file work.cif (mmCIF, C-alpha atoms)
data_data
#
loop_
_atom_site.label_atom_id
_atom_site.label_comp_id
_atom_site.auth_asym_id
_atom_site.auth_seq_id
_atom_site.Cartn_x
_atom_site.Cartn_y
_atom_site.Cartn_z
CA ALA A 1 17.63 29.49 25.64
CA ASP A 2 16.28 26.04 24.87
CA SER A 3 13.99 24.44 27.46
CA ALA A 4 13.16 20.89 28.51
CA ILE A 5 10.74 18.99 30.71
CA PHE A 6 12.18 16.07 32.70
CA LEU A 7 10.39 13.35 34.66
CA SER A 8 11.98 11.73 37.70
CA LEU A 9 11.98 7.93 37.46
CA GLY A 10 13.34 7.59 40.98
CA SER A 11 16.77 6.42 42.22
CA GLY A 12 18.43 9.36 40.44
CA ASN A 13 17.09 8.38 37.00
CA TRP A 14 15.47 10.99 34.79
CA ARG A 15 13.70 10.93 31.42
CA CYS A 16 13.44 13.90 29.07
CA GLU A 17 9.75 14.19 28.15
CA ASN A 18 9.97 17.23 25.89
CA TYR A 19 12.71 19.43 24.51
CA TYR A 20 12.08 22.75 22.84
CA ARG A 21 14.58 24.79 20.85
CA LYS A 22 14.35 28.53 21.32
CA ASP A 23 14.26 29.11 17.55
CA GLY A 24 11.50 26.49 17.05
CA THR A 25 13.52 24.24 14.73
CA ALA A 26 12.96 20.51 15.02
CA LEU A 27 15.32 18.16 16.77
CA VAL A 28 16.83 15.59 14.47
CA GLY A 29 18.43 12.53 15.96
CA GLY A 30 20.30 9.81 14.17
CA THR A 31 20.43 9.45 10.41
CA ALA A 32 17.70 8.97 7.85
CA ALA A 33 17.31 5.52 6.31
CA THR A 34 18.58 5.03 2.79
CA GLN A 35 16.56 3.24 0.12
CA ALA A 36 18.75 0.15 0.57
CA GLU A 37 18.17 0.14 4.35
CA MET A 38 14.42 0.39 3.83
CA GLU A 39 14.40 -2.43 1.28
CA THR A 40 16.34 -4.81 3.57
CA ALA A 41 14.17 -3.76 6.53
CA THR A 42 16.79 -4.84 9.07
CA SER A 43 18.12 -1.65 10.71
CA THR A 44 16.79 -0.56 14.07
CA THR A 45 19.02 2.50 14.38
CA VAL A 46 17.97 4.79 11.51
CA ASN A 47 15.01 7.14 11.17
CA VAL A 48 12.31 6.65 8.56
CA THR A 49 11.31 9.69 6.54
CA PRO A 50 8.11 9.96 4.47
CA GLY A 51 10.13 9.96 1.26
CA ARG A 52 11.68 6.58 2.09
CA THR A 53 8.68 4.73 3.55
CA GLN A 54 7.63 3.51 0.09
CA TYR A 55 10.73 1.32 -0.14
CA HIS A 56 9.86 -0.87 2.87
CA PRO A 57 8.62 -4.34 1.83
CA GLY A 58 5.69 -4.17 4.23
CA VAL A 59 4.20 -1.04 2.68
CA ALA A 60 1.54 -1.29 -0.04
CA LYS A 61 2.91 -0.15 -3.40
CA ALA A 62 -0.51 0.14 -5.04
CA PHE A 63 -4.18 0.01 -4.12
CA VAL A 64 -7.46 0.59 -5.87
CA TYR A 65 -11.19 0.24 -5.32
CA PHE A 66 -13.17 0.00 -8.54
CA THR A 67 -16.55 -1.05 -9.85
CA SER A 68 -17.17 -3.02 -13.01
CA VAL A 69 -20.85 -2.34 -13.61
CA ALA A 70 -21.85 -2.92 -17.24
CA THR A 71 -18.27 -4.08 -17.94
CA VAL A 72 -16.86 -0.56 -17.53
CA PRO A 73 -14.22 -0.54 -14.77
CA THR A 74 -14.44 2.74 -12.89
CA ILE A 75 -11.98 3.75 -10.15
CA GLN A 76 -13.89 4.90 -7.07
CA GLY A 77 -12.41 7.30 -4.57
CA THR A 78 -8.67 7.23 -4.12
CA ALA A 79 -6.29 4.94 -5.94
CA TYR A 80 -2.54 4.82 -5.48
CA ASN A 81 -0.09 3.82 -8.23
CA VAL A 82 -2.87 2.62 -10.56
CA SER A 83 -2.87 4.59 -13.81
CA SER A 84 -5.80 2.78 -15.43
CA ILE A 85 -7.78 -0.46 -15.58
CA THR A 86 -8.25 -2.33 -18.84
CA ASP A 87 -11.45 -4.33 -19.33
CA ASN A 88 -10.55 -7.60 -21.08
CA GLY A 89 -14.04 -9.12 -20.83
CA VAL A 90 -16.51 -10.22 -18.15
CA GLY A 91 -14.66 -10.40 -14.82
CA ASP A 92 -11.27 -10.01 -16.55
CA PHE A 93 -9.18 -6.89 -15.87
CA THR A 94 -5.64 -5.62 -16.22
CA LEU A 95 -4.40 -3.19 -13.58
CA ASN A 96 -1.83 -0.81 -15.06
CA TRP A 97 0.71 0.51 -12.55
CA THR A 98 1.84 4.14 -12.62
CA THR A 99 5.26 3.09 -11.31
CA ALA A 100 6.26 -0.39 -12.45
CA PHE A 101 7.51 -3.03 -10.05
CA SER A 102 11.17 -4.05 -10.39
CA SER A 103 10.14 -7.54 -11.58
CA ILE A 104 7.07 -9.81 -11.69
CA ASN A 105 7.88 -10.97 -8.16
CA TYR A 106 5.24 -8.99 -6.31
CA VAL A 107 2.00 -9.88 -4.54
CA VAL A 108 -1.54 -8.80 -5.38
CA VAL A 109 -4.32 -9.34 -2.87
CA GLY A 110 -7.95 -8.65 -3.64
CA ILE A 111 -11.56 -9.22 -2.80
CA ALA A 112 -14.73 -8.56 -4.74
CA SER A 113 -18.36 -8.39 -3.72
CA ASN A 114 -21.72 -7.70 -5.26
CA THR A 115 -24.34 -5.78 -3.29
CA ALA A 116 -27.04 -6.73 -5.81
CA ASP A 117 -26.83 -10.22 -4.26
CA PRO A 118 -25.46 -9.84 -0.70
CA ASN A 119 -25.33 -13.62 -0.26
CA THR A 120 -22.84 -13.93 -3.10
CA ASN A 121 -19.24 -13.13 -2.30
CA LEU A 122 -16.98 -13.09 -5.28
CA GLY A 123 -13.37 -14.14 -5.40
CA VAL A 124 -10.37 -12.57 -7.10
CA VAL A 125 -7.78 -14.65 -8.93
CA CYS A 126 -4.41 -13.20 -9.91
CA PRO A 127 -2.62 -15.49 -12.40
CA ARG A 128 1.13 -14.82 -12.20
CA ALA A 129 1.64 -15.96 -15.79
CA ALA A 130 -0.29 -12.88 -16.95
CA TRP A 131 1.77 -10.43 -14.90
CA ALA A 132 4.29 -7.90 -16.05
CA ALA A 133 6.31 -5.41 -14.04
CA GLY A 134 3.98 -2.67 -15.26
CA SER A 135 0.63 -4.47 -14.95
CA ALA A 136 -1.25 -7.36 -13.36
CA ARG A 137 -4.22 -9.27 -14.76
CA ILE A 138 -6.97 -10.23 -12.34
CA PHE A 139 -10.23 -12.13 -12.60
CA THR A 140 -13.34 -11.70 -10.45
CA LEU A 141 -15.27 -14.94 -9.99
CA ASN A 142 -18.62 -15.98 -8.61
CA GLN A 143 -19.16 -18.75 -6.05
CA THR A 144 -19.05 -21.48 -8.68
CA GLY A 145 -15.80 -20.18 -10.22
CA GLY A 146 -17.33 -18.50 -13.25
CA ALA A 147 -16.21 -15.08 -14.43
CA GLN A 148 -18.45 -12.30 -13.14
CA ASP A 149 -18.24 -8.52 -13.04
CA SER A 150 -18.54 -7.04 -9.57
CA LEU A 151 -19.93 -3.90 -8.03
CA PHE A 152 -16.96 -3.66 -5.65
CA VAL A 153 -13.39 -4.77 -6.32
CA ASN A 154 -10.61 -3.94 -3.83
CA ILE A 155 -6.98 -4.64 -4.74
CA VAL A 156 -3.68 -4.07 -2.88
CA ALA A 157 -0.19 -4.83 -4.23
CA PHE A 158 3.09 -5.34 -2.35
CA GLY A 159 6.60 -5.72 -3.77
CA ASP A 160 9.79 -3.96 -4.82
CA GLN A 161 9.66 -1.04 -7.24
#

call {"tool": "encode", "arguments": {"input": "work.cif", "output": "structure tokens"}}
result
Amino acid sequence: ADSAIFLSLGSGNWRCENYYRKDGTALVGGTAATQAEMETATSTTVNVTPGRTQYHPGVAKAFVYFTSVATVPTIQGTAYNVSSITDNGVGDFTLNWTTAFSSINYVVVGIASNTADPNTNLGVVCPRAAWAAGSARIFTLNQTGGAQDSLFVNIVAFGDQ
């Protein structure tokens, strides 16, 4: 038989704390969210499954940490949805997405730094005119706005795919 643990809340009210099926199978309540429900992000009555999380607008669709020492961009550690990085020149890179966005209407956020000069924080500029659904061009800049390669570049992208 199945078993359950209940907690008395007083005044005849009870809350089920745990429920265990005899055969060990999981309890499934409600319905799983569809891709459309995840993209609109308005339902409060459906369950989110790992295979649908990617469709929510608040979830990062790509991220990467790379270095650009000696003008060779090298992905460090884990990257998600970044197939490669093209070096277009000093401080000028194109991020190539593994899975393209549905349009150029997505957001890229980034920061760059240079540990060789800890007092210099670099900026990242993402010109929308240079974007495509399958790639985004970024620039890393020094404090005076000049192009500069960086030892650490961190990028995150949000949007619909």

call {"tool": "atom_distance", "arguments": {"input": "work.cif", "atom1": "atom CA of A:Ile5", "atom2": "atom CA of A:Tyr19"}}
result
6.5 Å

call {"tool": "atom_distance", "arguments": {"input": "work.cif", "atom1": "atom CA of A:Trp97", "atom2": "atom CA of A:Arg137"}}
result
11.2 Å

call {"tool": "atom_distance", "arguments": {"input": "work.cif", "atom1": "atom CA of A:Pro50", "atom2": "atom CA of A:Phe63"}}
result
18.0 Å

call {"tool": "residues_around", "arguments": {"input": "work.cif", "residues": "A:Val90", "least_positions_apart": "3", "cutoff": "10 Å", "atoms": "all atoms listed in the file", "output": "list of chain:residue names"}}
result
A:Ser68, A:Ala70, A:Thr71, A:Val72, A:Asp87, A:Phe93, A:Phe139, A:Thr140, A:Leu141, A:Gly146, A:Ala147, A:Gln148, A:Asp149, A:Ser150

call {"tool": "residues_around", "arguments": {"input": "work.cif", "residues": "A:Lys22", "least_positions_apart": "4", "cutoff": "10 Å", "atoms": "only C-alpha atoms", "output": "NGL selection string"}}
result
:A and (1-3)

call {"tool": "resolve_selection", "arguments": {"input": "work.cif", "expression": "the PyMOL selection byres ((chain A and resi 49) around 12)", "output": "ChimeraX atom specification"}}
result
/A:28,30-35,37-38,46-48,50-56

call {"tool": "resolve_selection", "arguments": {"input": "work.cif", "expression": "the PyMOL selection byres ((chain A and resi 76) around 8)", "output": "list in words"}}
result
Val64, Tyr65, Phe66, Thr67, Thr74, Ile75, Gly77, Thr78 and Ala79 of chain A

call {"tool": "resolve_selection", "arguments": {"input": "work.cif", "expression": "the PyMOL selection byres ((chain A and resi 62) around 12)", "output": "PyMOL selection string"}}
result
chain A and resi 54+58-61+63-65+78-84+95-101+106-110+134-136+154-161

call {"tool": "closest_residue", "arguments": {"input": "work.cif", "among": "A:Thr25, A:Asn142, A:Asn13, A:Thr94", "to": "A:Ile111", "atoms": "all atoms listed in the file"}}
result
A:Asn142

call {"tool": "closest_residue", "arguments": {"input": "work.cif", "among": "A:Leu122, A:Asp92, A:Pro57, A:Pro127", "to": "A:Ala41", "atoms": "only C-alpha atoms"}}
result
A:Pro57

call {"tool": "closest_residue", "arguments": {"input": "work.cif", "among": "A:Ala4, A:Ala133, A:Val125, A:Ala112", "to": "A:Cys16", "atoms": "all atoms listed in the file"}}
result
A:Ala4
